$ cat input.cif   # mmCIF, N, CA and C atoms
data_upload
loop_
_atom_site.label_atom_id
_atom_site.label_comp_id
_atom_site.auth_asym_id
_atom_site.auth_seq_id
_atom_site.Cartn_x
_atom_site.Cartn_y
_atom_site.Cartn_z
N MET A 299 15.76 7.92 -1.38
CA MET A 299 14.34 8.17 -1.40
C MET A 299 13.61 6.87 -1.77
N ALA A 300 12.61 6.53 -1.01
CA ALA A 300 11.87 5.29 -1.22
C ALA A 300 10.79 5.46 -2.29
N PRO A 301 10.55 4.40 -3.05
CA PRO A 301 9.43 4.47 -4.01
C PRO A 301 8.11 4.67 -3.27
N GLN A 302 7.17 5.28 -3.93
CA GLN A 302 5.85 5.50 -3.34
C GLN A 302 4.99 4.25 -3.40
N PHE A 303 5.29 3.34 -4.30
CA PHE A 303 4.48 2.13 -4.46
C PHE A 303 5.39 0.96 -4.81
N VAL A 304 4.86 -0.25 -4.70
CA VAL A 304 5.61 -1.45 -5.07
C VAL A 304 4.71 -2.39 -5.86
N PHE A 305 5.33 -3.18 -6.72
CA PHE A 305 4.62 -4.24 -7.43
C PHE A 305 4.83 -5.55 -6.69
N ASP A 306 3.84 -6.43 -6.72
CA ASP A 306 3.91 -7.73 -6.07
C ASP A 306 4.56 -8.73 -7.02
N PRO A 307 5.75 -9.25 -6.70
CA PRO A 307 6.41 -10.18 -7.61
C PRO A 307 5.65 -11.50 -7.75
N GLN A 308 4.81 -11.84 -6.79
CA GLN A 308 4.02 -13.07 -6.85
C GLN A 308 2.72 -12.90 -7.62
N ARG A 309 2.30 -11.66 -7.81
CA ARG A 309 1.06 -11.36 -8.53
C ARG A 309 1.32 -10.25 -9.54
N PRO A 310 1.83 -10.63 -10.72
CA PRO A 310 2.12 -9.60 -11.73
C PRO A 310 0.88 -8.74 -12.02
N GLY A 311 1.11 -7.46 -12.16
CA GLY A 311 0.00 -6.54 -12.42
C GLY A 311 -0.69 -6.04 -11.17
N THR A 312 -0.19 -6.41 -9.99
CA THR A 312 -0.77 -5.94 -8.74
C THR A 312 0.18 -4.92 -8.11
N LEU A 313 -0.35 -3.78 -7.79
CA LEU A 313 0.43 -2.68 -7.26
C LEU A 313 -0.11 -2.32 -5.87
N TYR A 314 0.78 -2.08 -4.91
CA TYR A 314 0.41 -1.64 -3.56
C TYR A 314 0.91 -0.22 -3.36
N TYR A 315 0.09 0.61 -2.74
CA TYR A 315 0.44 2.01 -2.54
C TYR A 315 -0.06 2.49 -1.18
N PRO A 316 0.57 3.52 -0.60
CA PRO A 316 0.09 4.07 0.67
C PRO A 316 -1.26 4.74 0.45
N ALA A 317 -2.18 4.48 1.37
CA ALA A 317 -3.53 5.05 1.24
C ALA A 317 -3.98 5.57 2.59
N ILE A 318 -4.71 6.67 2.55
CA ILE A 318 -5.21 7.30 3.77
C ILE A 318 -6.71 7.49 3.63
N THR A 319 -7.46 7.06 4.64
CA THR A 319 -8.90 7.29 4.69
C THR A 319 -9.18 8.27 5.83
N ALA A 320 -10.44 8.57 6.04
CA ALA A 320 -10.81 9.48 7.14
C ALA A 320 -10.51 8.85 8.49
N ALA A 321 -10.46 7.51 8.58
CA ALA A 321 -10.29 6.84 9.86
C ALA A 321 -8.96 6.13 10.05
N SER A 322 -8.23 5.86 8.94
CA SER A 322 -7.00 5.08 9.09
C SER A 322 -6.02 5.33 7.96
N ILE A 323 -4.84 4.79 8.16
CA ILE A 323 -3.80 4.80 7.12
C ILE A 323 -3.43 3.36 6.87
N GLY A 324 -3.16 3.03 5.61
CA GLY A 324 -2.87 1.64 5.31
C GLY A 324 -2.33 1.44 3.90
N VAL A 325 -2.59 0.24 3.37
CA VAL A 325 -2.10 -0.16 2.07
C VAL A 325 -3.28 -0.31 1.12
N GLY A 326 -3.22 0.38 0.00
CA GLY A 326 -4.21 0.21 -1.05
C GLY A 326 -3.67 -0.76 -2.09
N CYS A 327 -4.56 -1.46 -2.74
CA CYS A 327 -4.17 -2.45 -3.74
C CYS A 327 -4.88 -2.14 -5.05
N LEU A 328 -4.13 -2.20 -6.15
CA LEU A 328 -4.68 -1.91 -7.46
C LEU A 328 -4.31 -3.05 -8.41
N ASP A 329 -5.32 -3.65 -9.04
CA ASP A 329 -5.13 -4.69 -10.04
C ASP A 329 -5.07 -4.01 -11.40
N LEU A 330 -3.87 -3.87 -11.94
CA LEU A 330 -3.68 -3.13 -13.19
C LEU A 330 -4.26 -3.88 -14.39
N ASP A 331 -4.24 -5.23 -14.34
CA ASP A 331 -4.78 -6.01 -15.44
C ASP A 331 -6.29 -5.83 -15.56
N ALA A 332 -6.98 -5.83 -14.42
CA ALA A 332 -8.43 -5.68 -14.41
C ALA A 332 -8.84 -4.21 -14.35
N ARG A 333 -7.86 -3.33 -14.14
CA ARG A 333 -8.13 -1.90 -13.95
C ARG A 333 -9.17 -1.68 -12.86
N ALA A 334 -8.89 -2.34 -11.71
CA ALA A 334 -9.84 -2.28 -10.60
C ALA A 334 -9.10 -2.22 -9.27
N ASN A 335 -9.77 -1.68 -8.28
CA ASN A 335 -9.28 -1.65 -6.92
C ASN A 335 -9.37 -3.07 -6.36
N CYS A 336 -8.32 -3.53 -5.68
CA CYS A 336 -8.38 -4.87 -5.09
C CYS A 336 -8.29 -4.83 -3.57
N GLY A 337 -8.61 -3.69 -3.00
CA GLY A 337 -8.74 -3.66 -1.55
C GLY A 337 -7.93 -2.59 -0.84
N PHE A 338 -8.25 -2.43 0.41
CA PHE A 338 -7.56 -1.53 1.32
C PHE A 338 -7.31 -2.30 2.60
N PHE A 339 -6.09 -2.24 3.12
CA PHE A 339 -5.72 -2.95 4.33
C PHE A 339 -5.25 -1.93 5.36
N PRO A 340 -6.10 -1.62 6.37
CA PRO A 340 -5.71 -0.62 7.37
C PRO A 340 -4.54 -1.10 8.22
N LEU A 341 -3.61 -0.18 8.49
CA LEU A 341 -2.46 -0.49 9.34
C LEU A 341 -2.53 0.26 10.67
N VAL A 342 -2.99 1.52 10.63
CA VAL A 342 -3.07 2.35 11.83
C VAL A 342 -4.43 3.02 11.87
N ASP A 343 -5.13 2.87 12.99
CA ASP A 343 -6.41 3.54 13.19
C ASP A 343 -6.13 4.90 13.81
N TYR A 344 -6.67 5.95 13.19
CA TYR A 344 -6.44 7.29 13.72
C TYR A 344 -7.01 7.48 15.12
N GLY A 345 -8.10 6.80 15.42
CA GLY A 345 -8.73 6.99 16.72
C GLY A 345 -9.08 8.45 16.93
N ALA A 346 -8.63 9.01 18.03
CA ALA A 346 -8.95 10.39 18.36
C ALA A 346 -7.90 11.38 17.84
N ALA A 347 -6.92 10.88 17.07
CA ALA A 347 -5.84 11.77 16.63
C ALA A 347 -5.68 11.74 15.11
N PRO A 348 -6.70 12.18 14.36
CA PRO A 348 -6.54 12.20 12.91
C PRO A 348 -5.38 13.11 12.50
N GLY A 349 -4.63 12.67 11.52
CA GLY A 349 -3.51 13.46 11.05
C GLY A 349 -2.23 13.27 11.84
N ALA A 350 -2.27 12.46 12.89
CA ALA A 350 -1.09 12.25 13.73
C ALA A 350 -0.08 11.31 13.07
N TYR A 351 -0.51 10.57 12.06
CA TYR A 351 0.36 9.61 11.39
C TYR A 351 0.49 9.97 9.92
N SER A 352 1.57 9.50 9.31
CA SER A 352 1.74 9.70 7.87
C SER A 352 2.53 8.53 7.31
N VAL A 353 2.55 8.43 5.99
CA VAL A 353 3.34 7.41 5.31
C VAL A 353 3.90 8.04 4.04
N GLY A 354 5.18 7.78 3.79
CA GLY A 354 5.81 8.37 2.62
C GLY A 354 5.82 7.44 1.43
N GLY A 355 5.72 6.16 1.67
CA GLY A 355 5.75 5.19 0.59
C GLY A 355 6.17 3.83 1.10
N PHE A 356 6.27 2.89 0.19
CA PHE A 356 6.64 1.52 0.53
C PHE A 356 7.82 1.09 -0.32
N VAL A 357 8.56 0.12 0.21
CA VAL A 357 9.60 -0.54 -0.55
C VAL A 357 9.48 -2.04 -0.32
N GLU A 358 9.89 -2.82 -1.31
CA GLU A 358 9.89 -4.28 -1.20
C GLU A 358 11.33 -4.74 -1.08
N HIS A 359 11.59 -5.64 -0.13
CA HIS A 359 12.93 -6.20 0.05
C HIS A 359 12.80 -7.66 0.43
N ASP A 360 13.35 -8.53 -0.40
CA ASP A 360 13.29 -9.98 -0.16
C ASP A 360 11.88 -10.48 0.04
N GLY A 361 10.94 -9.96 -0.72
CA GLY A 361 9.55 -10.42 -0.65
C GLY A 361 8.73 -9.82 0.46
N ASN A 362 9.29 -8.89 1.23
CA ASN A 362 8.57 -8.24 2.32
C ASN A 362 8.29 -6.79 1.95
N LEU A 363 7.15 -6.30 2.38
CA LEU A 363 6.75 -4.92 2.13
C LEU A 363 7.06 -4.09 3.37
N TYR A 364 7.82 -3.02 3.19
CA TYR A 364 8.19 -2.12 4.30
C TYR A 364 7.72 -0.71 4.00
#
$ encode --input "input.cif" --output "structure tokens"
Amino acid sequence: MAPQFVFDPQRPGTLYYPAITAASIGVGCLDLDARANCGFFPLVDYGAAPGAYSVGGFVEHDGNLY
């Protein structure tokens, strides 16, 4: 089972998690030190098929996010 979120080894205190908006699915970023959102990066645009895609979580391997 894959973790739902990953920490960035290059940016301590930064957490990435799967995020879904009304229009897309992507990566959300949370700055735990500042207790603030640090962005959303869309990966897939729903277009005319909302709900057609899903994400279970992310894993980090050798510095890459999968």
$ closest_residue --input "input.cif" --among "A:Tyr364, A:Tyr344, A:Phe356, A:Phe305" --to "Ile323 in chain A" --atoms "only N, CA and C atoms"
A:Tyr344
$ residues_around --input "input.cif" --residues "Leu341 in chain A" --least-positions-apart "4" --cutoff "8 Å" --atoms "only C-alpha atoms" --output "PyMOL selection string"
chain A and resi 322-325
$ atom_distance --input "input.cif" --atom1 "CA of Ala317 in chain A" --atom2 "CA of Val357 in chain A"
14.4 Å
$ resolve_selection --input "input.cif" --expression "the PyMOL selection byres ((chain A and resi 328-339) around 7)" --output "number ranges by chain"
A: 310-315, 323-327, 340-342
$ atom_distance --input "input.cif" --atom1 "atom N of Val353 in chain A" --atom2 "atom C of Val304 in chain A"
16.2 Å
$ residues_near_point --input "input.cif" --point "(5.4, 3.9, 0.5)" --cutoff "5 Å" --atoms "all atoms listed in the file" --output "list in words"
Pro301, Gln302, Phe303, Pro316, Gly354, Gly355, Phe356 and Val357 of chain A
$ write_last_selection --input "input.cif" --atoms "N, CA and C atoms" --output "mmCIF file, in the frame of the given file"
data_model
loop_
_atom_site.group_PDB
_atom_site.id
_atom_site.type_symbol
_atom_site.label_atom_id
_atom_site.label_comp_id
_atom_site.auth_asym_id
_atom_site.auth_seq_id
_atom_site.Cartn_x
_atom_site.Cartn_y
_atom_site.Cartn_z
ATOM 1 N N PRO A 301 10.550 4.400 -3.050
ATOM 2 C CA PRO A 301 9.430 4.470 -4.010
ATOM 3 C C PRO A 301 8.110 4.670 -3.270
ATOM 4 N N GLN A 302 7.170 5.280 -3.930
ATOM 5 C CA GLN A 302 5.850 5.500 -3.340
ATOM 6 C C GLN A 302 4.990 4.250 -3.400
ATOM 7 N N PHE A 303 5.290 3.340 -4.300
ATOM 8 C CA PHE A 303 4.480 2.130 -4.460
ATOM 9 C C PHE A 303 5.390 0.960 -4.810
ATOM 10 N N PRO A 316 0.570 3.520 -0.600
ATOM 11 C CA PRO A 316 0.090 4.070 0.670
ATOM 12 C C PRO A 316 -1.260 4.740 0.450
ATOM 13 N N GLY A 354 5.180 7.780 3.790
ATOM 14 C CA GLY A 354 5.810 8.370 2.620
ATOM 15 C C GLY A 354 5.820 7.440 1.430
ATOM 16 N N GLY A 355 5.720 6.160 1.670
ATOM 17 C CA GLY A 355 5.750 5.190 0.590
ATOM 18 C C GLY A 355 6.170 3.830 1.100
ATOM 19 N N PHE A 356 6.270 2.890 0.190
ATOM 20 C CA PHE A 356 6.640 1.520 0.530
ATOM 21 C C PHE A 356 7.820 1.090 -0.320
ATOM 22 N N VAL A 357 8.560 0.120 0.210
ATOM 23 C CA VAL A 357 9.600 -0.540 -0.550
ATOM 24 C C VAL A 357 9.480 -2.040 -0.320
#
$ atom_distance --input "input.cif" --atom1 "CA of Ile318 in chain A" --atom2 "atom C of Leu363 in chain A"
16.7 Å
